[in-house]
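Visitor: To be precise about what I am sending: the file is called protein-v3.txt and holds compact mmCIF, C-alpha atoms.
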```
# COMPACT_ATOMS: atom_id res chain seq x y z
CA MET A 1 0.00 0.00 0.00
CA THR A 2 1.36 3.40 -0.91
CA ASP A 3 1.13 6.60 1.14
CA ALA A 4 -1.59 7.81 -1.19
CA GLU A 5 -3.66 4.76 -0.29
CA LEU A 6 -3.37 5.12 3.47
CA PRO A 7 -6.82 5.92 4.87
CA ASP A 8 -7.31 9.45 6.15
CA VAL A 9 -9.67 8.45 8.94
CA PRO A 10 -9.51 9.13 12.66
CA ASP A 11 -8.12 6.37 14.82
CA HIS A 12 -10.43 4.96 17.48
CA TYR A 13 -7.84 4.73 20.27
CA PHE A 14 -8.22 8.35 21.34
CA THR A 15 -10.58 7.92 24.29
CA GLY A 16 -10.35 11.00 26.48
CA GLY A 17 -10.79 10.11 30.15
CA PRO A 18 -9.22 7.37 32.27
CA ALA A 19 -10.95 4.00 32.39
CA THR A 20 -13.35 3.36 35.22
CA ASP A 21 -12.77 0.54 37.70
CA ALA A 22 -15.50 -1.44 35.95
CA GLU A 23 -13.74 -1.16 32.59
CA ARG A 24 -10.31 -2.23 33.79
CA ARG A 25 -9.29 -5.86 33.74
CA LYS A 26 -6.10 -7.70 34.56
CA VAL A 27 -4.18 -9.77 32.03
CA THR A 28 -0.87 -11.59 32.18
CA VAL A 29 1.72 -10.68 29.54
CA ARG A 30 5.42 -11.28 29.02
CA ILE A 31 7.52 -8.17 29.62
CA ALA A 32 11.34 -8.18 29.49
CA GLY A 33 11.53 -11.94 29.82
CA ARG A 34 9.06 -12.45 32.65
CA HIS A 35 5.33 -12.87 33.01
CA VAL A 36 3.65 -9.96 34.78
CA GLU A 37 0.11 -8.87 35.48
CA VAL A 38 -1.03 -5.55 34.00
CA GLU A 39 -4.31 -3.69 33.68
CA VAL A 40 -5.93 -2.94 30.33
CA ALA A 41 -9.23 -1.41 29.24
CA PRO A 42 -11.27 -0.81 26.09
CA GLY A 43 -10.50 2.29 24.08
CA VAL A 44 -6.73 1.72 23.84
CA PHE A 45 -4.78 -0.17 21.22
CA SER A 46 -4.77 -3.96 21.57
CA PRO A 47 -6.56 -4.19 24.94
CA GLY A 48 -5.78 -7.60 26.35
CA ARG A 49 -2.56 -8.69 24.68
CA ILE A 50 0.67 -7.50 23.16
CA ASP A 51 -0.15 -7.10 19.48
CA LEU A 52 1.90 -8.90 16.83
CA GLY A 53 3.68 -5.79 15.55
CA THR A 54 4.85 -4.84 19.02
CA GLN A 55 5.96 -8.43 19.61
CA VAL A 56 8.06 -8.27 16.44
CA LEU A 57 9.62 -4.99 17.52
CA LEU A 58 10.45 -6.34 20.97
CA ARG A 59 12.09 -9.44 19.46
CA GLU A 60 14.15 -7.57 16.87
CA VAL A 61 15.24 -4.33 18.54
CA PRO A 62 18.52 -4.30 20.52
CA ALA A 63 18.54 -3.60 24.24
CA PRO A 64 17.88 0.09 24.84
CA PRO A 65 20.48 2.68 25.85
CA GLN A 66 21.10 2.57 29.58
CA ALA A 67 21.04 6.32 30.18
CA GLY A 68 19.42 9.47 28.86
CA ASN A 69 15.84 9.93 27.70
CA LEU A 70 13.94 7.15 25.94
CA LEU A 71 10.55 7.54 24.26
CA ASP A 72 7.62 5.21 23.71
CA LEU A 73 5.63 7.11 21.09
CA GLY A 74 1.97 6.09 21.21
CA CYS A 75 2.28 4.09 24.39
CA GLY A 76 -1.20 2.54 24.65
CA TRP A 77 -1.39 0.59 27.90
CA GLY A 78 2.41 0.46 28.01
CA PRO A 79 4.13 -2.71 26.74
CA LEU A 80 7.04 -0.81 25.16
CA THR A 81 7.30 1.61 28.09
CA LEU A 82 7.39 -1.21 30.61
CA THR A 83 10.07 -3.02 28.62
CA LEU A 84 12.22 0.10 28.24
CA ALA A 85 11.89 0.98 31.92
CA THR A 86 12.73 -2.57 33.03
CA GLU A 87 15.71 -3.00 30.70
CA ALA A 88 17.11 0.50 31.23
CA PRO A 89 16.52 1.39 34.90
CA GLY A 90 19.02 4.24 34.69
CA ALA A 91 17.20 5.99 31.84
CA ALA A 92 14.18 8.29 31.93
CA VAL A 93 11.41 6.65 29.94
CA TRP A 94 8.78 8.96 28.47
CA ALA A 95 5.43 7.38 27.61
CA VAL A 96 3.61 9.71 25.21
CA ASP A 97 0.10 9.35 23.87
CA VAL A 98 -2.80 11.60 22.88
CA SER A 99 -5.12 9.49 25.03
CA GLU A 100 -5.50 10.23 28.74
CA ARG A 101 -6.83 6.71 29.14
CA ALA A 102 -3.66 5.21 27.67
CA LEU A 103 -1.46 7.40 29.86
CA ASP A 104 -3.42 6.48 32.97
CA LEU A 105 -3.08 2.76 32.22
CA THR A 106 0.63 3.03 31.48
CA ARG A 107 1.24 5.03 34.66
CA HIS A 108 -0.72 2.52 36.72
CA ASN A 109 1.05 -0.47 35.15
CA ALA A 110 4.47 1.06 35.78
CA GLU A 111 3.53 1.53 39.44
CA ARG A 112 2.31 -2.08 39.62
CA LEU A 113 5.72 -3.26 38.43
CA GLY A 114 7.65 -0.92 40.71
CA LEU A 115 9.13 1.06 37.84
CA THR A 116 10.04 4.53 39.06
CA ASN A 117 11.73 5.84 35.90
CA VAL A 118 8.56 6.28 33.81
CA ARG A 119 7.11 9.67 32.93
CA THR A 120 3.73 9.76 31.19
CA ALA A 121 2.80 12.83 29.18
CA LEU A 122 0.55 14.22 26.50
CA PRO A 123 2.61 15.27 23.46
CA ASP A 124 2.53 18.99 24.28
CA ALA A 125 3.65 18.36 27.87
CA VAL A 126 7.11 17.05 27.00
CA PRO A 127 9.63 19.88 27.55
CA ASP A 128 11.09 21.27 24.35
CA ASP A 129 14.67 20.72 25.50
CA VAL A 130 14.30 16.95 25.95
CA ALA A 131 16.13 14.96 23.27
CA PHE A 132 15.82 11.19 22.99
CA ALA A 133 18.61 8.65 22.68
CA ALA A 134 16.07 6.10 21.45
CA ILE A 135 12.46 6.07 20.33
CA TRP A 136 10.47 2.85 20.16
CA SER A 137 7.11 2.97 18.40
CA ASN A 138 4.42 0.93 16.73
CA PRO A 139 3.03 4.05 15.03
CA PRO A 140 -0.71 4.39 14.37
CA ILE A 141 -0.64 3.97 10.59
CA ARG A 142 -4.41 4.02 10.27
CA VAL A 143 -4.74 7.61 11.48
CA GLY A 144 -3.83 8.60 7.93
CA LYS A 145 -0.68 9.84 6.29
CA ASP A 146 -1.07 13.51 7.21
CA VAL A 147 -1.35 12.83 10.94
CA LEU A 148 1.32 10.12 10.81
CA HIS A 149 3.77 12.28 8.89
CA GLY A 150 3.21 15.21 11.23
CA MET A 151 3.84 13.01 14.24
CA LEU A 152 7.06 11.58 12.82
CA ARG A 153 8.30 14.98 11.66
CA THR A 154 7.82 16.32 15.21
CA TRP A 155 9.40 13.50 17.16
CA LEU A 156 12.21 12.42 14.84
CA ALA A 157 13.46 16.00 15.08
CA ARG A 158 14.07 15.31 18.77
CA LEU A 159 16.43 12.39 18.25
CA ALA A 160 19.86 12.87 19.79
CA PRO A 161 22.86 12.05 17.56
CA SER A 162 23.45 8.31 17.56
CA SER A 163 26.51 6.94 19.30
CA SER A 164 25.67 3.23 19.62
CA ASP A 165 23.80 0.46 17.83
CA ALA A 166 20.88 0.87 20.25
CA ASP A 167 20.29 4.54 19.51
CA GLY A 168 17.77 5.97 17.07
CA ALA A 169 14.09 5.55 16.37
CA TRP A 170 12.89 1.97 15.93
CA LEU A 171 9.55 1.77 14.12
CA VAL A 172 7.55 -1.35 13.32
CA VAL A 173 5.20 -1.08 10.33
CA GLN A 174 3.23 -3.69 8.41
CA ARG A 175 4.67 -4.20 4.95
CA ASN A 176 1.22 -4.17 3.33
CA LEU A 177 0.36 -0.90 5.08
CA GLY A 178 3.20 0.99 3.49
CA ALA A 179 6.40 0.25 5.43
CA ASP A 180 8.61 0.73 2.38
CA SER A 181 6.83 3.87 1.18
CA LEU A 182 7.06 5.32 4.70
CA ALA A 183 10.80 4.64 4.69
CA ARG A 184 11.11 6.46 1.36
CA TRP A 185 9.08 9.41 2.70
CA ILE A 186 11.34 9.70 5.75
CA GLU A 187 14.42 9.57 3.53
CA VAL A 188 13.16 12.15 1.02
CA GLU A 189 11.20 14.53 3.24
CA LEU A 190 13.10 14.36 6.53
CA GLY A 191 16.57 13.19 5.57
CA GLU A 192 18.16 16.53 4.73
CA PRO A 193 15.97 18.86 6.85
CA LEU A 194 16.45 16.82 10.04
CA GLY A 195 19.80 15.25 9.26
CA VAL A 196 18.44 11.72 9.59
CA ARG A 197 18.87 8.51 7.67
CA VAL A 198 16.59 5.48 7.55
CA GLU A 199 17.40 1.81 7.11
CA ARG A 200 15.29 -1.33 6.93
CA THR A 201 16.80 -3.59 9.57
CA ASN A 202 14.59 -6.68 9.84
CA SER A 203 11.35 -8.21 8.59
CA ALA A 204 9.15 -10.80 10.30
CA LYS A 205 5.51 -11.89 10.37
CA GLY A 206 4.53 -9.36 7.71
CA TYR A 207 6.16 -6.44 9.53
CA ARG A 208 9.26 -4.42 8.80
CA ILE A 209 11.52 -2.70 11.32
CA LEU A 210 12.74 0.74 10.31
CA ARG A 211 15.62 2.43 12.12
CA VAL A 212 16.02 6.20 11.87
CA THR A 213 19.25 7.78 13.13
CA ARG A 214 20.86 11.20 13.23
```
Output the file's structure as structure tokens, nothing else.

Guide:
Amino acid sequence: MTDAELPDVPDHYFTGGPATDAERRKVTVRIAGRHVEVEVAPGVFSPGRIDLGTQVLLREVPAPPQAGNLLDLGCGWGPLTLTLATEAPGAAVWAVDVSERALDLTRHNAERLGLTNVRTALPDAVPDDVAFAAIWSNPPIRVGKDVLHGMLRTWLARLAPSSSDADGAWLVVQRNLGADSLARWIEVELGEPLGVRVERTNSAKGYRILRVTR
């Protein structure tokens, strides 16, 4: 699917308020090599399991940088945030989402696991001077190319220069939803203006991993 074919429709994971007690439920998932209990709720992405794309990303991405600021862009209920915070206890992990419900779940799940290095925030609440050593994201392709491109333009500009194989933005995108065309767009539209380069690192289960570095 090309960028021109991506649907320009609103995503349905943008529920405003936190989930009520009646909506929350506990599920067991595997995070950073161990089974843990987390809370999920309707109105966030993949409520009840770690979706296949995120599983692919977690299997293929190297261990995160151990210091600095790390970003989970579009955190949902928090599987990437929880993994980053567990594997990099010395880093500050920012969980960013447009959904208050997602942020509330991620915050609560981090507390359940005793992770004290997680900061949840709406996009506009992240200080302008924060740069990220690594960004992990399963970006919301179905929000449409205009929203997706705007999101990537904003956050890829905040990548710190790479100094290790773990640095950079790691994005997982379905091949049939435009992974290759998205890589080309990043290269053409953001490469020179932001000083970034993109590479296709791995493919599995119909998904491609893109790495963007400065």

Visitor: Between CA of Glu87 in chain A and CA of Gln66 in chain A, what is the distance in Å, rounded to a tenth?

Guide: 7.8 Å

Visitor: Show which residues sit within 12 Å of Gly150 in chain A, as a list in words. Count all atoms listed in the file, and ignore same-chain residues fewer than 2 positions away.

Guide: Pro139, Pro140, Ile141, Val143, Gly144, Lys145, Asp146, Val147, Leu148, Leu152, Arg153, Thr154, Trp155, Leu156, Ala157, Trp185, Ile186, Glu189 and Leu190 of chain A

Visitor: Under the rule that all atoms listed in the file are counted, which of A:Ala131, A:Leu113, A:Ala179, A:Ala85 is the nearest residue to His35 in chain A?

Guide: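 That would be A:Leu113, the residue with the smallest distance to His35 in chain A.
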
Visitor: Have a look at CA of His149 in chain A and CA of Pro42 in chain A and let me know their distance in Å, one decimal.

Guide: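 According to the coordinates, CA of His149 in chain A and CA of Pro42 in chain A are separated by 26.3 Å.
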
Visitor: In Å to one decimal, how far is CA of Arg200 in chain A from CA of Ala169 in chain A?

Guide: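 Taking CA of Ala169 in chain A as the start and CA of Arg200 in chain A as the end point, the length is 11.7 Å.
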
Visitor: Let me make sure I understand: among A:Asn138, A:Ser164, A:Thr81, A:Thr86, which one has the smallest atom-to-atom distance to Arg107 in chain A if we use all atoms listed in the file?

Guide: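 When distances to Arg107 in chain A are compared using all atoms listed in the file, the smallest one comes from A:Thr81.
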
Visitor: Please list as a list in words every residue within 6 Å of Trp77 in chain A, counting all atoms listed in the file and excluding residues in the same chain fewer than 3 positions away.

Guide: Ala102, Leu105 and Thr106 of chain A

Visitor: Between A:Ile209, A:Asn109, A:Leu73, A:Gly191, single out the one closest to Val27 in chain A, counting only C-alpha atoms.

Guide: A:Asn109

Visitor: Compare A:Leu82, A:Ala134, A:Leu115, A:Leu182 by their minimum atom-to-atom distance to Asp167 in chain A, counting all atoms listed in the file, and give me the closest one.

Guide: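 Smallest separation from Asp167 in chain A among the options: A:Ala134.
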
Visitor: Hey, which of A:Leu80, A:Val29, A:Ala183, A:Leu71 ends up closest to Val130 in chain A? Count all atoms listed in the file.

Guide: A:Leu71

Visitor: Hey, what's within 12 Å of Ala19 in chain A if we count only C-alpha atoms and toss same-chain stuff fewer than 6 positions away? As an MDAnalysis selection string, please?

Guide: chainID A and resid 25 39:44 47 77 99:106 108

Visitor: Take the residues just selected and output them with C-alpha atoms as a PDB file, in the frame of the given file.

Guide:
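The resulting file, result.pdb, is reproduced below:
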```
ATOM      1  CA  ARG A  25      -9.290  -5.860  33.740  1.00  0.00           C
ATOM      2  CA  GLU A  39      -4.310  -3.690  33.680  1.00  0.00           C
ATOM      3  CA  VAL A  40      -5.930  -2.940  30.330  1.00  0.00           C
ATOM      4  CA  ALA A  41      -9.230  -1.410  29.240  1.00  0.00           C
ATOM      5  CA  PRO A  42     -11.270  -0.810  26.090  1.00  0.00           C
ATOM      6  CA  GLY A  43     -10.500   2.290  24.080  1.00  0.00           C
ATOM      7  CA  VAL A  44      -6.730   1.720  23.840  1.00  0.00           C
ATOM      8  CA  PRO A  47      -6.560  -4.190  24.940  1.00  0.00           C
ATOM      9  CA  TRP A  77      -1.390   0.590  27.900  1.00  0.00           C
ATOM     10  CA  SER A  99      -5.120   9.490  25.030  1.00  0.00           C
ATOM     11  CA  GLU A 100      -5.500  10.230  28.740  1.00  0.00           C
ATOM     12  CA  ARG A 101      -6.830   6.710  29.140  1.00  0.00           C
ATOM     13  CA  ALA A 102      -3.660   5.210  27.670  1.00  0.00           C
ATOM     14  CA  LEU A 103      -1.460   7.400  29.860  1.00  0.00           C
ATOM     15  CA  ASP A 104      -3.420   6.480  32.970  1.00  0.00           C
ATOM     16  CA  LEU A 105      -3.080   2.760  32.220  1.00  0.00           C
ATOM     17  CA  THR A 106       0.630   3.030  31.480  1.00  0.00           C
ATOM     18  CA  HIS A 108      -0.720   2.520  36.720  1.00  0.00           C
TER      19      HIS A 108
END
```

Visitor: Which one is closest to Gly53 in chain A: A:Arg197, A:Arg184, A:Lys26, A:Lys205? Count all atoms listed in the file.

Guide: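 Answer, going by the shortest atom-to-atom distance: A:Lys205.
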
Visitor: If we count all atoms listed in the file, what is near Arg211 in chain A at a cut-off of 8 Å, once residues fewer than 5 positions away on the same chain are taken out, given as a tab-separated table (two decimals) with C-alpha atoms, in the frame of the given file?

Guide:
```
chain	number	residue	atom	x	y	z
A	168	GLY	CA	17.77	5.97	17.07
A	169	ALA	CA	14.09	5.55	16.37
A	170	TRP	CA	12.89	1.97	15.93
A	171	LEU	CA	9.55	1.77	14.12
A	198	VAL	CA	16.59	5.48	7.55
A	199	GLU	CA	17.40	1.81	7.11
A	200	ARG	CA	15.29	-1.33	6.93
A	201	THR	CA	16.80	-3.59	9.57
```

Visitor: Could you pull the residues within 9 Å of Val126 in chain A, counting all atoms listed in the file, minus those fewer than 5 positions along the same chain, as a PyMOL selection string?

Guide: chain A and resi 94+96+121
